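Have a look at coords15.csv below; it lists CSV, C-alpha atoms and all ligand atoms.
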```csv
chain,number,residue,atom,x,y,z
A,292,MET,CA,51.3,46.4,-51.0
A,293,LYS,CA,49.1,44.9,-53.7
A,294,ARG,CA,50.0,41.3,-54.4
A,295,ILE,CA,51.1,40.1,-57.8
A,296,GLY,CA,50.3,36.6,-59.2
A,297,MET,CA,52.9,34.7,-61.1
A,298,GLY,CA,52.9,31.4,-63.1
A,299,LEU,CA,55.9,29.4,-64.4
A,300,VAL,CA,56.2,27.4,-67.6
A,301,GLY,CA,58.9,24.7,-67.7
A,302,PRO,CA,59.5,23.2,-64.3
A,303,GLY,CA,63.2,22.0,-64.8
A,304,PHE,CA,66.4,22.7,-62.9
A,305,ILE,CA,66.1,26.5,-62.8
A,306,ALA,CA,62.4,26.6,-61.9
A,307,ALA,CA,63.0,26.0,-58.2
A,308,HIS,CA,65.2,29.1,-58.1
A,309,HIS,CA,62.6,31.3,-59.8
A,310,LEU,CA,60.1,30.2,-57.2
A,311,ASP,CA,62.5,30.6,-54.3
A,312,ALA,CA,63.3,34.1,-55.5
A,313,VAL,CA,59.7,35.2,-55.7
A,314,ARG,CA,58.9,33.6,-52.3
A,315,ARG,CA,61.6,35.7,-50.8
A,316,LEU,CA,60.1,38.9,-52.2
A,317,GLY,CA,57.0,38.3,-49.9
A,318,HIS,CA,54.5,40.2,-52.1
A,319,VAL,CA,54.1,37.7,-55.0
A,320,ASP,CA,51.7,34.8,-55.1
A,321,ILE,CA,52.8,31.6,-56.9
A,322,VAL,CA,49.5,30.7,-58.8
A,323,GLY,CA,50.7,27.6,-60.6
A,324,ILE,CA,53.0,25.9,-63.1
A,325,ALA,CA,52.8,24.2,-66.5
A,326,GLY,CA,55.1,21.6,-67.9
A,327,SER,CA,55.2,18.9,-70.6
A,328,SER,CA,52.5,16.6,-69.2
A,329,LEU,CA,49.8,16.9,-66.5
A,330,ALA,CA,51.1,13.9,-64.6
A,331,SER,CA,54.7,15.2,-64.4
A,332,THR,CA,53.6,18.8,-63.7
A,333,THR,CA,51.3,17.7,-60.9
A,334,ARG,CA,54.3,15.8,-59.3
A,335,ARG,CA,56.5,18.8,-59.7
A,336,ALA,CA,53.9,21.2,-58.4
A,337,ARG,CA,53.7,19.1,-55.2
A,338,GLU,CA,57.5,18.9,-54.9
A,339,LEU,CA,58.0,22.6,-55.3
A,340,ASN,CA,54.9,23.6,-53.4
A,341,ALA,CA,54.0,25.6,-56.5
A,342,GLY,CA,50.2,25.9,-56.5
A,343,ARG,CA,48.1,24.6,-59.4
A,344,ALA,CA,49.4,22.2,-62.1
A,345,TYR,CA,48.0,23.3,-65.5
A,346,ALA,CA,47.5,20.7,-68.2
A,347,HIS,CA,48.9,23.1,-70.8
A,348,TYR,CA,50.7,26.4,-70.7
A,349,ARG,CA,47.8,28.0,-72.6
A,350,ASP,CA,45.6,27.2,-69.6
A,351,LEU,CA,48.1,29.0,-67.3
A,352,LEU,CA,48.0,32.0,-69.7
A,353,ALA,CA,44.2,32.0,-69.6
A,354,ASP,CA,44.2,32.3,-65.8
A,355,PRO,CA,43.5,36.0,-64.9
A,356,ALA,CA,45.2,35.4,-61.5
A,357,VAL,CA,48.6,35.1,-63.4
A,358,GLN,CA,50.0,38.5,-64.2
A,359,VAL,CA,53.6,37.6,-64.7
A,360,VAL,CA,54.9,34.5,-66.6
A,361,HIS,CA,58.3,33.0,-65.9
A,362,ASN,CA,59.5,31.2,-69.0
A,363,THR,CA,61.9,28.5,-68.0
A,364,THR,CA,61.3,26.1,-70.9
A,365,PRO,CA,64.1,24.6,-73.0
A,366,ASN,CA,65.5,27.2,-75.5
A,367,HIS,CA,63.5,26.1,-78.5
A,368,LEU,CA,60.2,26.9,-76.7
A,369,HIS,CA,61.2,30.3,-75.5
A,370,ARG,CA,59.8,32.2,-78.5
A,371,GLU,CA,56.5,30.4,-78.6
A,372,VAL,CA,55.8,30.7,-74.9
A,373,SER,CA,57.0,34.2,-74.4
A,374,LEU,CA,55.1,35.5,-77.4
A,375,ALA,CA,51.9,33.8,-76.3
A,376,ALA,CA,52.3,35.2,-72.8
A,377,LEU,CA,52.8,38.8,-74.2
A,378,ARG,CA,49.7,38.4,-76.4
A,379,ALA,CA,47.8,37.3,-73.3
A,380,GLY,CA,48.8,40.5,-71.6
A,381,LYS,CA,51.3,39.0,-69.2
A,382,HIS,CA,54.7,40.4,-68.1
A,383,VAL,CA,57.4,38.0,-69.1
A,384,ILE,CA,60.6,37.0,-67.3
A,385,SER,CA,62.4,34.6,-69.7
A,386,ASP,CA,65.5,32.5,-69.1
A,387,LYS,CA,68.4,33.2,-71.4
A,388,PRO,CA,69.0,32.9,-74.3
A,389,LEU,CA,65.9,35.0,-75.2
A,390,ALA,CA,65.3,32.8,-78.3
A,391,SER,CA,67.3,30.3,-80.3
A,392,ARG,CA,67.5,32.6,-83.4
A,393,SER,CA,68.2,36.3,-83.4
A,394,ASP,CA,65.2,37.0,-85.7
A,395,ASP,CA,63.0,35.4,-83.1
A,396,ALA,CA,64.7,37.4,-80.3
A,397,ARG,CA,64.0,40.6,-82.3
A,398,GLU,CA,60.3,39.6,-82.7
A,399,LEU,CA,60.0,39.1,-79.0
A,400,TYR,CA,61.6,42.5,-78.2
A,401,ASP,CA,59.3,44.3,-80.6
A,402,ALA,CA,56.2,42.4,-79.3
A,403,ALA,CA,57.1,43.3,-75.7
A,404,ARG,CA,57.7,47.0,-76.4
A,405,GLU,CA,54.4,47.2,-78.4
A,406,ALA,CA,52.5,45.5,-75.6
A,407,GLY,CA,54.0,47.9,-73.0
A,408,LEU,CA,54.7,45.0,-70.7
A,409,ALA,CA,57.8,44.1,-68.6
A,410,HIS,CA,60.3,42.0,-70.5
A,411,VAL,CA,63.2,40.6,-68.5
A,412,VAL,CA,65.9,38.1,-69.4
A,413,THR,CA,67.6,36.3,-66.5
A,414,PHE,CA,71.2,37.4,-67.0
A,415,ASN,CA,71.4,36.8,-63.3
A,416,TYR,CA,75.1,37.4,-62.7
A,417,ARG,CA,74.3,41.1,-62.8
A,418,GLY,CA,72.6,40.7,-59.5
A,419,TYR,CA,75.8,40.3,-57.4
A,420,PRO,CA,76.6,43.4,-55.3
A,421,LEU,CA,80.3,43.3,-56.2
A,422,VAL,CA,79.4,43.2,-59.9
A,423,GLN,CA,77.4,46.3,-59.4
A,424,GLN,CA,80.3,47.8,-57.4
A,425,ALA,CA,82.7,47.1,-60.3
A,426,ARG,CA,80.2,48.7,-62.8
A,427,THR,CA,79.9,51.8,-60.7
A,428,MET,CA,83.7,52.1,-60.2
A,429,ILE,CA,84.3,51.9,-64.0
A,430,ALA,CA,81.5,54.4,-64.7
A,431,LYS,CA,83.0,56.8,-62.2
A,432,GLY,CA,86.4,56.5,-63.9
A,433,ARG,CA,88.1,54.7,-61.0
A,434,ILE,CA,90.3,52.5,-63.2
A,435,GLY,CA,90.7,55.1,-66.1
A,436,PRO,CA,89.9,54.2,-69.7
A,437,THR,CA,89.3,50.5,-70.2
A,438,VAL,CA,91.9,48.8,-72.4
A,439,PHE,CA,91.4,45.1,-71.9
A,440,VAL,CA,88.4,42.9,-70.9
A,441,HIS,CA,89.1,39.3,-70.4
A,442,GLY,CA,88.0,36.1,-68.6
A,443,CYS,CA,86.2,32.8,-69.0
A,444,TYR,CA,83.2,30.8,-68.2
A,445,LEU,CA,84.2,27.2,-67.5
A,446,GLN,CA,82.1,24.3,-66.3
A,447,ASP,CA,82.6,20.5,-66.2
A,448,TRP,CA,79.1,19.0,-66.0
A,449,LEU,CA,79.3,17.8,-69.7
A,450,THR,CA,82.7,16.2,-69.3
A,451,ASP,CA,81.4,12.6,-69.2
A,452,ALA,CA,80.4,11.3,-72.6
A,453,ARG,CA,77.4,9.6,-70.9
A,454,THR,CA,76.0,12.9,-69.9
A,455,TYR,CA,73.5,14.4,-72.4
A,456,SER,CA,71.4,17.5,-72.4
A,457,TRP,CA,68.9,19.0,-74.8
A,458,ARG,CA,71.3,22.0,-74.9
A,459,LEU,CA,73.5,19.8,-77.2
A,460,ASP,CA,70.7,19.2,-79.7
A,461,PRO,CA,70.6,22.1,-82.2
A,462,LYS,CA,66.8,21.5,-82.6
A,463,ARG,CA,66.2,22.2,-79.0
A,464,GLY,CA,69.2,24.1,-77.7
A,465,GLY,CA,69.8,26.3,-80.8
A,466,ALA,CA,72.7,26.5,-83.2
A,467,SER,CA,75.2,27.0,-80.5
A,468,SER,CA,75.6,25.1,-77.2
A,469,ALA,CA,78.3,26.4,-74.8
A,470,LEU,CA,78.3,29.9,-76.3
A,471,GLY,CA,74.5,30.3,-76.1
A,472,ASP,CA,74.2,28.6,-72.7
A,473,ILE,CA,77.0,30.3,-70.8
A,474,GLY,CA,79.0,32.5,-73.2
A,475,SER,CA,75.9,34.6,-73.4
A,476,HIS,CA,76.1,35.3,-69.6
A,477,TRP,CA,79.8,36.3,-69.9
A,478,CYS,CA,79.2,38.7,-72.8
A,479,ASP,CA,76.2,40.3,-71.0
A,480,LEU,CA,78.3,40.8,-67.9
A,481,ALA,CA,81.3,42.2,-69.7
A,482,GLU,CA,79.1,44.7,-71.5
A,483,HIS,CA,77.1,45.6,-68.4
A,484,VAL,CA,80.1,46.1,-66.2
A,485,THR,CA,82.2,48.0,-68.7
A,486,GLY,CA,79.3,50.0,-70.1
A,487,ALA,CA,80.9,49.3,-73.5
A,488,ARG,CA,79.5,47.2,-76.4
A,489,ILE,CA,81.2,44.4,-78.2
A,490,VAL,CA,81.4,45.5,-81.9
A,491,ALA,CA,83.5,42.7,-83.4
A,492,VAL,CA,84.4,39.1,-82.7
A,493,LEU,CA,86.7,36.4,-84.0
A,494,ALA,CA,85.8,32.9,-82.7
A,495,ASP,CA,87.3,29.5,-82.7
A,496,LEU,CA,84.8,26.7,-81.7
A,497,HIS,CA,85.5,23.1,-80.9
A,498,THR,CA,83.6,19.9,-79.9
A,499,VAL,CA,85.8,18.0,-77.5
A,500,VAL,CA,83.3,15.2,-76.8
A,501,ALA,CA,82.2,14.4,-80.4
A,502,GLU,CA,80.1,11.4,-79.5
A,503,ARG,CA,77.8,10.9,-76.5
A,504,GLU,CA,75.4,8.3,-75.2
A,505,VAL,CA,71.9,9.7,-75.4
A,506,PRO,CA,69.6,8.3,-72.7
A,507,ASP,CA,65.8,8.1,-73.2
A,508,THR,CA,65.4,11.3,-71.2
A,509,SER,CA,67.6,14.4,-71.3
A,510,ALA,CA,69.4,15.1,-68.1
A,511,LYS,CA,68.9,18.3,-66.1
A,512,ALA,CA,72.0,20.5,-66.0
A,513,PHE,CA,74.4,19.3,-63.3
A,514,ALA,CA,72.5,16.0,-62.9
A,515,GLY,CA,75.6,13.8,-63.7
A,516,ALA,CA,76.1,10.9,-66.1
A,517,ALA,CA,73.3,8.6,-67.0
A,518,LYS,CA,73.2,5.3,-65.1
A,519,ALA,CA,72.0,3.1,-68.1
A,520,PRO,CA,73.8,3.0,-71.4
A,521,GLY,CA,72.1,5.0,-74.2
A,522,LYS,CA,72.2,5.2,-78.0
A,523,ARG,CA,75.5,6.7,-79.3
A,524,GLN,CA,75.1,10.0,-81.1
A,525,ALA,CA,77.4,12.3,-82.9
A,526,ILE,CA,77.6,15.8,-81.4
A,527,THR,CA,78.2,18.8,-83.6
A,528,SER,CA,77.7,21.8,-81.3
A,529,GLU,CA,80.6,23.4,-79.5
A,530,ASP,CA,81.6,22.5,-75.9
A,531,LEU,CA,84.7,24.7,-76.0
A,532,ALA,CA,85.2,28.1,-77.6
A,533,SER,CA,87.7,31.0,-77.5
A,534,VAL,CA,86.7,34.4,-78.8
A,535,LEU,CA,88.7,37.6,-79.4
A,536,LEU,CA,86.6,40.8,-78.9
A,537,ARG,CA,86.7,44.4,-79.8
A,538,PHE,CA,84.6,47.0,-77.9
A,539,ASP,CA,83.1,50.2,-79.1
A,540,ASN,CA,85.4,52.2,-76.7
A,541,GLY,CA,88.5,50.8,-78.4
A,542,ALA,CA,89.1,48.2,-75.6
A,543,ARG,CA,90.2,44.7,-76.7
A,544,GLY,CA,89.1,41.5,-75.1
A,545,CYS,CA,89.1,37.7,-75.0
A,546,VAL,CA,87.0,35.0,-73.5
A,547,THR,CA,87.1,31.2,-73.3
A,548,VAL,CA,83.9,29.2,-72.7
A,549,GLY,CA,83.8,25.5,-72.0
A,550,GLN,CA,81.6,22.9,-70.4
A,551,VAL,CA,83.9,19.8,-70.4
A,552,LEU,CA,86.8,21.2,-68.3
A,553,PRO,CA,87.3,19.0,-65.2
A,554,GLY,CA,87.3,20.8,-61.9
A,555,HIS,CA,85.5,24.0,-63.1
A,556,LYS,CA,81.9,23.9,-61.7
A,557,ASN,CA,80.5,27.3,-62.5
A,558,ASP,CA,83.7,29.3,-63.0
A,559,LEU,CA,82.8,32.7,-64.5
A,560,ARG,CA,85.7,35.1,-64.2
A,561,LEU,CA,85.8,38.7,-65.5
A,562,GLU,CA,88.7,41.1,-65.3
A,563,ILE,CA,88.8,44.6,-66.6
A,564,ASN,CA,92.1,46.5,-67.0
A,565,GLY,CA,92.0,50.2,-67.2
A,566,ARG,CA,94.9,52.7,-67.7
A,567,GLU,CA,94.8,53.5,-64.0
A,568,GLY,CA,93.8,50.3,-62.3
A,569,SER,CA,92.1,46.9,-62.7
A,570,VAL,CA,89.1,45.1,-61.2
A,571,GLY,CA,88.6,41.3,-61.2
A,572,TRP,CA,85.6,39.2,-60.0
A,573,ARG,CA,85.1,35.5,-59.9
A,574,GLN,CA,81.6,33.9,-59.6
A,575,GLU,CA,82.8,31.1,-57.4
A,576,GLN,CA,84.2,33.6,-54.8
A,577,PRO,CA,81.6,36.3,-55.3
A,578,ASN,CA,82.2,38.2,-52.0
A,579,ALA,CA,85.6,39.5,-53.0
A,580,LEU,CA,86.5,42.1,-55.7
A,581,TRP,CA,90.2,42.2,-56.7
A,582,LEU,CA,91.5,45.7,-57.2
A,583,GLY,CA,94.8,45.8,-59.2
A,584,GLN,CA,97.1,48.8,-59.0
A,585,HIS,CA,100.4,49.6,-60.8
A,586,ALA,CA,102.3,51.7,-58.2
A,587,LYS,CA,100.8,50.6,-55.0
A,588,ALA,CA,99.8,47.3,-53.4
A,589,ASN,CA,96.8,45.4,-54.9
A,590,ALA,CA,93.7,45.2,-52.7
A,591,VAL,CA,90.6,43.1,-52.1
A,592,LEU,CA,87.3,44.7,-51.5
A,593,THR,CA,85.1,42.5,-49.3
A,594,ARG,CA,81.3,42.5,-49.8
A,595,ASP,CA,80.1,44.5,-46.9
A,596,PRO,CA,77.2,47.0,-47.4
A,597,ALA,CA,79.1,49.7,-45.5
A,598,LEU,CA,82.0,49.5,-47.9
A,599,LEU,CA,79.9,49.6,-51.1
A,600,ASP,CA,78.9,52.5,-53.3
A,601,PRO,CA,75.2,53.4,-52.7
A,602,SER,CA,74.3,52.1,-56.2
A,603,ALA,CA,75.5,48.6,-55.2
A,604,ARG,CA,74.6,48.5,-51.5
A,605,GLY,CA,70.9,47.6,-52.2
A,606,TYR,CA,72.1,44.3,-53.7
A,607,ALA,CA,73.9,43.2,-50.4
A,608,HIS,CA,71.5,42.0,-47.7
A,609,LEU,CA,73.9,40.8,-45.0
A,610,PRO,CA,76.8,42.3,-43.1
A,611,GLY,CA,80.3,41.5,-44.3
A,612,GLY,CA,81.5,38.0,-43.3
A,613,HIS,CA,78.1,36.5,-44.0
A,614,PRO,CA,78.6,35.3,-47.5
A,615,GLU,CA,75.9,35.9,-50.1
A,616,ALA,CA,76.0,33.9,-53.3
A,617,TRP,CA,74.2,32.6,-56.5
A,618,ALA,CA,70.7,32.4,-55.1
A,619,ASP,CA,70.9,35.9,-53.6
A,620,ALA,CA,72.1,37.4,-56.9
A,621,PHE,CA,69.3,35.6,-58.7
A,622,ARG,CA,66.8,37.0,-56.3
A,623,ASN,CA,68.2,40.5,-56.8
A,624,VAL,CA,67.4,40.3,-60.5
A,625,ILE,CA,63.9,38.9,-59.9
A,626,ALA,CA,63.4,41.7,-57.3
A,627,ASP,CA,64.3,44.3,-59.8
A,628,ALA,CA,62.0,42.7,-62.3
A,629,TYR,CA,59.0,43.0,-59.9
A,630,THR,CA,60.0,46.6,-59.0
A,631,TRP,CA,59.8,47.4,-62.7
A,632,ILE,CA,56.4,45.8,-63.0
A,633,ARG,CA,55.1,47.8,-60.0
A,634,ARG,CA,56.5,51.0,-61.5
A,635,GLY,CA,54.5,50.5,-64.7
A,636,ALA,CA,57.3,48.8,-66.8
A,637,THR,CA,58.2,51.9,-68.8
A,638,GLU,CA,61.7,52.7,-70.1
A,639,ALA,CA,62.0,55.5,-67.6
A,640,THR,CA,61.1,53.3,-64.6
A,641,ARG,CA,63.4,50.4,-65.3
A,642,PRO,CA,66.0,49.6,-62.6
A,643,ALA,CA,69.4,50.3,-64.2
A,644,ALA,CA,70.8,46.8,-63.6
A,645,LEU,CA,67.8,45.0,-65.0
A,646,PRO,CA,68.5,42.9,-68.1
A,647,THR,CA,65.6,43.2,-70.7
A,648,PHE,CA,64.7,41.7,-74.0
A,649,ALA,CA,66.8,44.4,-75.7
A,650,ASP,CA,69.8,42.9,-74.0
A,651,GLY,CA,68.6,39.4,-74.9
A,652,TYR,CA,68.3,40.4,-78.5
A,653,ARG,CA,71.8,42.1,-78.6
A,654,ASN,CA,73.2,39.0,-77.0
A,655,SER,CA,71.8,36.7,-79.7
A,656,LEU,CA,73.4,38.9,-82.4
A,657,LEU,CA,76.8,38.4,-80.6
A,658,VAL,CA,76.4,34.6,-80.5
A,659,ASP,CA,75.3,34.6,-84.2
A,660,ALA,CA,78.4,36.6,-85.1
A,661,MET,CA,80.6,34.1,-83.2
A,662,LEU,CA,79.1,31.2,-85.1
A,663,LYS,CA,79.6,33.0,-88.4
A,664,SER,CA,83.2,33.9,-87.6
A,665,HIS,CA,84.1,30.3,-86.9
A,666,ALA,CA,82.2,29.0,-89.9
A,667,GLN,CA,84.2,31.3,-92.1
A,668,GLY,CA,87.5,29.9,-90.7
A,669,GLY,CA,88.1,32.6,-88.1
A,670,VAL,CA,87.2,35.8,-89.7
A,671,TRP,CA,86.4,39.0,-87.8
A,672,GLN,CA,82.6,39.7,-87.8
A,673,SER,CA,81.1,43.1,-86.9
A,674,ILE,CA,78.0,43.4,-84.9
A,675,ASP,CA,75.7,46.1,-86.2
A,676,ASP,CA,73.6,47.3,-83.4
A,677,PRO,CA,70.1,48.0,-84.7
A,678,LEU,CA,68.6,49.2,-81.4
A,701,LIG,C1,74.1,25.1,-67.3
A,701,LIG,O1,75.2,25.3,-68.0
A,701,LIG,C2,73.6,26.4,-66.5
A,701,LIG,O2,72.6,26.0,-65.7
A,701,LIG,C3,73.2,27.5,-67.4
A,701,LIG,O3,72.1,27.1,-68.2
A,701,LIG,C4,72.8,28.7,-66.5
A,701,LIG,O4,72.4,29.8,-67.3
A,701,LIG,C5,74.1,29.1,-65.7
A,701,LIG,O5,73.8,30.2,-64.9
A,701,LIG,C6,74.6,27.9,-64.9
A,701,LIG,O6,74.7,26.8,-65.7
```
How does this structure look as structure tokens?
Amino acid sequence: MKRIGMGLVGPGFIAAHHLDAVRRLGHVDIVGIAGSSLASTTRRARELNAGRAYAHYRDLLADPAVQVVHNTTPNHLHREVSLAALRAGKHVISDKPLASRSDDARELYDAAREAGLAHVVTFNYRGYPLVQQARTMIAKGRIGPTVFVHGCYLQDWLTDARTYSWRLDPKRGGASSALGDIGSHWCDLAEHVTGARIVAVLADLHTVVAEREVPDTSAKAFAGAAKAPGKRQAITSEDLASVLLRFDNGARGCVTVGQVLPGHKNDLRLEINGREGSVGWRQEQPNALWLGQHAKANAVLTRDPALLDPSARGYAHLPGGHPEAWADAFRNVIADAYTWIRRGATEATRPAALPTFADGYRNSLLVDAMLKSHAQGGVWQSIDDPL
């Protein structure tokens, strides 16, 4: 198999997992990485065994050995780096959210389509085998028409007022914090699994920790509270939000998102109730799919390739009883991205589970609508789907 060269821009928390995922594919070369300064990038390239350290991301883009760019920069740099990569003729795998503003997300989507290059957004929770199983079951009518889609995405890594992240700074994280960072994942998953689209939202946002100590450097996600006291700063972006949802198939829904909720580490839960049955999945126990029934006993489907629908089986790599988790699901999405690249990155050759810039753009419209709903005091907002 012909090898593909990749480069990564933005070597923070998630970068190691991108590199791990491409290493596991076995047919991708890690050419190098670019970060904020040559000194820190050189250190990080050594730590991650990630090839060359480039002084600037533009040098990485100019390297003909790099065919695919993984954009893992903070949100405010997503647009600039992804656009430059597309213009340099590189396929792009971007972290979510695709961009801080929906206009920028649209620009990126248009640029990628025009360039005929692969454009992927890491809505990585799609990569779990039991998520794909739930999606197939719903598409095959196993739970009947969907009536209710609900769940949450709860974390606690921002609980301590001495923890600060660029995600809380509207200039770097975007207008929303928790909704853009993790609510975006939940909405993508809900739409992907149900095959239905969210067409209206009513949101209530809240900032629980309204003042934080801001250290000199922003902490990586999950890094914990700062050791030294920092400057006190008012926080305006939401760390807690609840949203009512309406779907285009008539289903109703609700989701709560929060990042200051003690005990919840990365607790994404999604339950879908149909007229003839229910399915429920929880990210922290990803090897079990709850199957709810009205007139017979509920059941739990364990992740075992032999028990899965063929459409989901390829996402499970180990026999039942050998748990697979976050890194495996992440790798599945990256594997689909490279499959798409090898197949010429056309609409017809895209793996069905792969999240693209179209999904990233749609998602940014949803987050915008939630912010607007809250700003208007809790008024329903429709999402017009321009794609
Ligand atoms: C921090 O909230 C974070 O790392 C998100 O940015 C990721 O997208 C999510 O998958 C895990 O939590």
Compute the set of protein, DNA and RNA residues whose minimum atom distance to ligand LIG 701 (chain A) is at most 8 Å, using only C-alpha atoms and all ligand atoms, and state it as a short mmCIF file (atom, residue, chain, number, x, y, z; two decimals) with C-alpha atoms, in the frame of the given file.
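Output contents, as saved in selection_27.cif:
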```cif
data_model
loop_
_atom_site.label_atom_id
_atom_site.label_comp_id
_atom_site.auth_asym_id
_atom_site.auth_seq_id
_atom_site.Cartn_x
_atom_site.Cartn_y
_atom_site.Cartn_z
CA PHE A 304 66.40 22.70 -62.90
CA ILE A 305 66.10 26.50 -62.80
CA ASP A 386 65.50 32.50 -69.10
CA LYS A 387 68.40 33.20 -71.40
CA PHE A 414 71.20 37.40 -67.00
CA ASN A 415 71.40 36.80 -63.30
CA TYR A 416 75.10 37.40 -62.70
CA GLN A 446 82.10 24.30 -66.30
CA TRP A 448 79.10 19.00 -66.00
CA ALA A 469 78.30 26.40 -74.80
CA ASP A 472 74.20 28.60 -72.70
CA ILE A 473 77.00 30.30 -70.80
CA HIS A 476 76.10 35.30 -69.60
CA ALA A 512 72.00 20.50 -66.00
CA PHE A 513 74.40 19.30 -63.30
CA GLN A 550 81.60 22.90 -70.40
CA ASN A 557 80.50 27.30 -62.50
#
```
Item to check | atom CA of Gln667 of chain A to atom CA of Val534 of chain A, distance in Å rounded to a single decimal | outcome: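 We find that atom CA of Gln667 of chain A and atom CA of Val534 of chain A lie 13.9 Å from each other.
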Item to check | Neighbour list for Asp627 of chain A as a VMD selection string, cut-off 8 Å, only C-alpha atoms, skip fewer than 4 positions in-chain | outcome: chain A and resid 623 631 642 644 to 645
Next on the checklist: With all atoms listed in the file as the counted atoms, please give the residues lying no more than 10 Å from Pro610 of chain A, apart from itself and same-chain residues fewer than 6 positions off, as a PyMOL selection string.
Outcome noted: chain A and resi 594-597
Next on the checklist: At a cut-off of 7 Å, using all atoms listed in the file, what residues contact Ala390 of chain A? Leave out same-chain residues fewer than 4 positions from it and give the result as number ranges by chain.
Outcome noted: A: 366-367, 369-370, 395-396
Item to check | Contacts of Ala452 of chain A within 8 Å, all atoms listed in the file, excl. fewer than 2 positions in-chain, as a ChimeraX atom specification | outcome: /A:449-450,454-455,500,502-504,516
Next on the checklist: So, with only C-alpha atoms as the atoms that count, which of A:Arg537, A:Leu493, A:Asp507, A:Ile632 lies closest to Lys381 of chain A?
Outcome noted: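 Using only C-alpha atoms, the shortest distance to Lys381 of chain A belongs to A:Ile632.
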Checklist entry - Between A:Thr363, A:Ser664, A:Gln576, A:Thr637, which is the closest to His410 of chain A once you count all atoms listed in the file? => result A:Thr637
Can you list, as a PDB file with C-alpha atoms, keeping the file's coordinate frame, every protein, DNA or RNA residue that comes within 12 Å of Gly303 of chain A when you count all atoms listed in the file, leaving out same-chain residues fewer than 6 positions away?
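The file below, around-v7.pdb, is the result:
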```
ATOM      1  CA  HIS A 309      62.600  31.300 -59.800  1.00  0.00           C
ATOM      2  CA  LEU A 310      60.100  30.200 -57.200  1.00  0.00           C
ATOM      3  CA  ILE A 324      53.000  25.900 -63.100  1.00  0.00           C
ATOM      4  CA  ALA A 325      52.800  24.200 -66.500  1.00  0.00           C
ATOM      5  CA  GLY A 326      55.100  21.600 -67.900  1.00  0.00           C
ATOM      6  CA  SER A 327      55.200  18.900 -70.600  1.00  0.00           C
ATOM      7  CA  SER A 331      54.700  15.200 -64.400  1.00  0.00           C
ATOM      8  CA  THR A 332      53.600  18.800 -63.700  1.00  0.00           C
ATOM      9  CA  ARG A 335      56.500  18.800 -59.700  1.00  0.00           C
ATOM     10  CA  ALA A 336      53.900  21.200 -58.400  1.00  0.00           C
ATOM     11  CA  GLU A 338      57.500  18.900 -54.900  1.00  0.00           C
ATOM     12  CA  LEU A 339      58.000  22.600 -55.300  1.00  0.00           C
ATOM     13  CA  ASN A 362      59.500  31.200 -69.000  1.00  0.00           C
ATOM     14  CA  THR A 363      61.900  28.500 -68.000  1.00  0.00           C
ATOM     15  CA  THR A 364      61.300  26.100 -70.900  1.00  0.00           C
ATOM     16  CA  PRO A 365      64.100  24.600 -73.000  1.00  0.00           C
ATOM     17  CA  ASP A 386      65.500  32.500 -69.100  1.00  0.00           C
ATOM     18  CA  TRP A 457      68.900  19.000 -74.800  1.00  0.00           C
ATOM     19  CA  SER A 509      67.600  14.400 -71.300  1.00  0.00           C
ATOM     20  CA  ALA A 510      69.400  15.100 -68.100  1.00  0.00           C
ATOM     21  CA  LYS A 511      68.900  18.300 -66.100  1.00  0.00           C
ATOM     22  CA  ALA A 512      72.000  20.500 -66.000  1.00  0.00           C
ATOM     23  CA  PHE A 513      74.400  19.300 -63.300  1.00  0.00           C
ATOM     24  CA  ALA A 514      72.500  16.000 -62.900  1.00  0.00           C
TER      25      ALA A 514
END
```
Checklist entry - Between A:Gly301, A:Gly571, A:Pro553, A:Gly612, which one has atoms that come closest to Ser385 of chain A, using only C-alpha atoms? => result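 Of all the options, A:Gly301 lies closest to Ser385 of chain A.
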Item to check | Separation of atom CA of Arg523 of chain A from atom CA of Ser468 of chain A, in Å and rounded to one decimal | outcome: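 According to the coordinates, atom CA of Arg523 of chain A and atom CA of Ser468 of chain A are separated by 18.5 Å.
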Item to check | Top pick for closest residue to Gly317 of chain A, considering A:Leu559, A:Ile384, A:Ala376, A:Ala626 and counting all atoms listed in the file | outcome: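 Using all atoms listed in the file, Gly317 of chain A sits closest to A:Ala626.
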Determine, for each residue of segment 345-463 of chain A having at least one atom at most 8 Å from an atom of segment 646-662 of chain A, the closest pair of atoms and their separation in Å to one decimal, counting only C-alpha atoms; order by chain and ascending number, as a Markdown table.
```
| residue | atom | partner | partner_atom | distance |
| --- | --- | --- | --- | --- |
| A:Lys387 | CA | A:Gly651 | CA | 7.1 |
| A:Pro388 | CA | A:Gly651 | CA | 6.5 |
| A:Leu389 | CA | A:Gly651 | CA | 5.2 |
| A:Ala390 | CA | A:Ser655 | CA | 7.7 |
| A:Ser391 | CA | A:Ser655 | CA | 7.8 |
| A:Arg392 | CA | A:Ser655 | CA | 7.0 |
| A:Ser393 | CA | A:Ser655 | CA | 5.2 |
| A:Ala396 | CA | A:Tyr652 | CA | 5.0 |
| A:Arg397 | CA | A:Tyr652 | CA | 5.7 |
| A:Leu399 | CA | A:Phe648 | CA | 7.3 |
| A:Tyr400 | CA | A:Phe648 | CA | 5.3 |
| A:Ala403 | CA | A:Phe648 | CA | 8.0 |
| A:His410 | CA | A:Thr647 | CA | 5.4 |
| A:Val411 | CA | A:Thr647 | CA | 4.2 |
| A:Val412 | CA | A:Thr647 | CA | 5.3 |
| A:Thr413 | CA | A:Pro646 | CA | 6.9 |
| A:Phe414 | CA | A:Pro646 | CA | 6.2 |
```
Checklist entry - Nearest to Ile489 of chain A: which of A:Gly544, A:Pro677, A:Gly611, A:Gly515 is it, counting all atoms listed in the file? => result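 Closest residue, counting all atoms listed in the file: A:Gly544.
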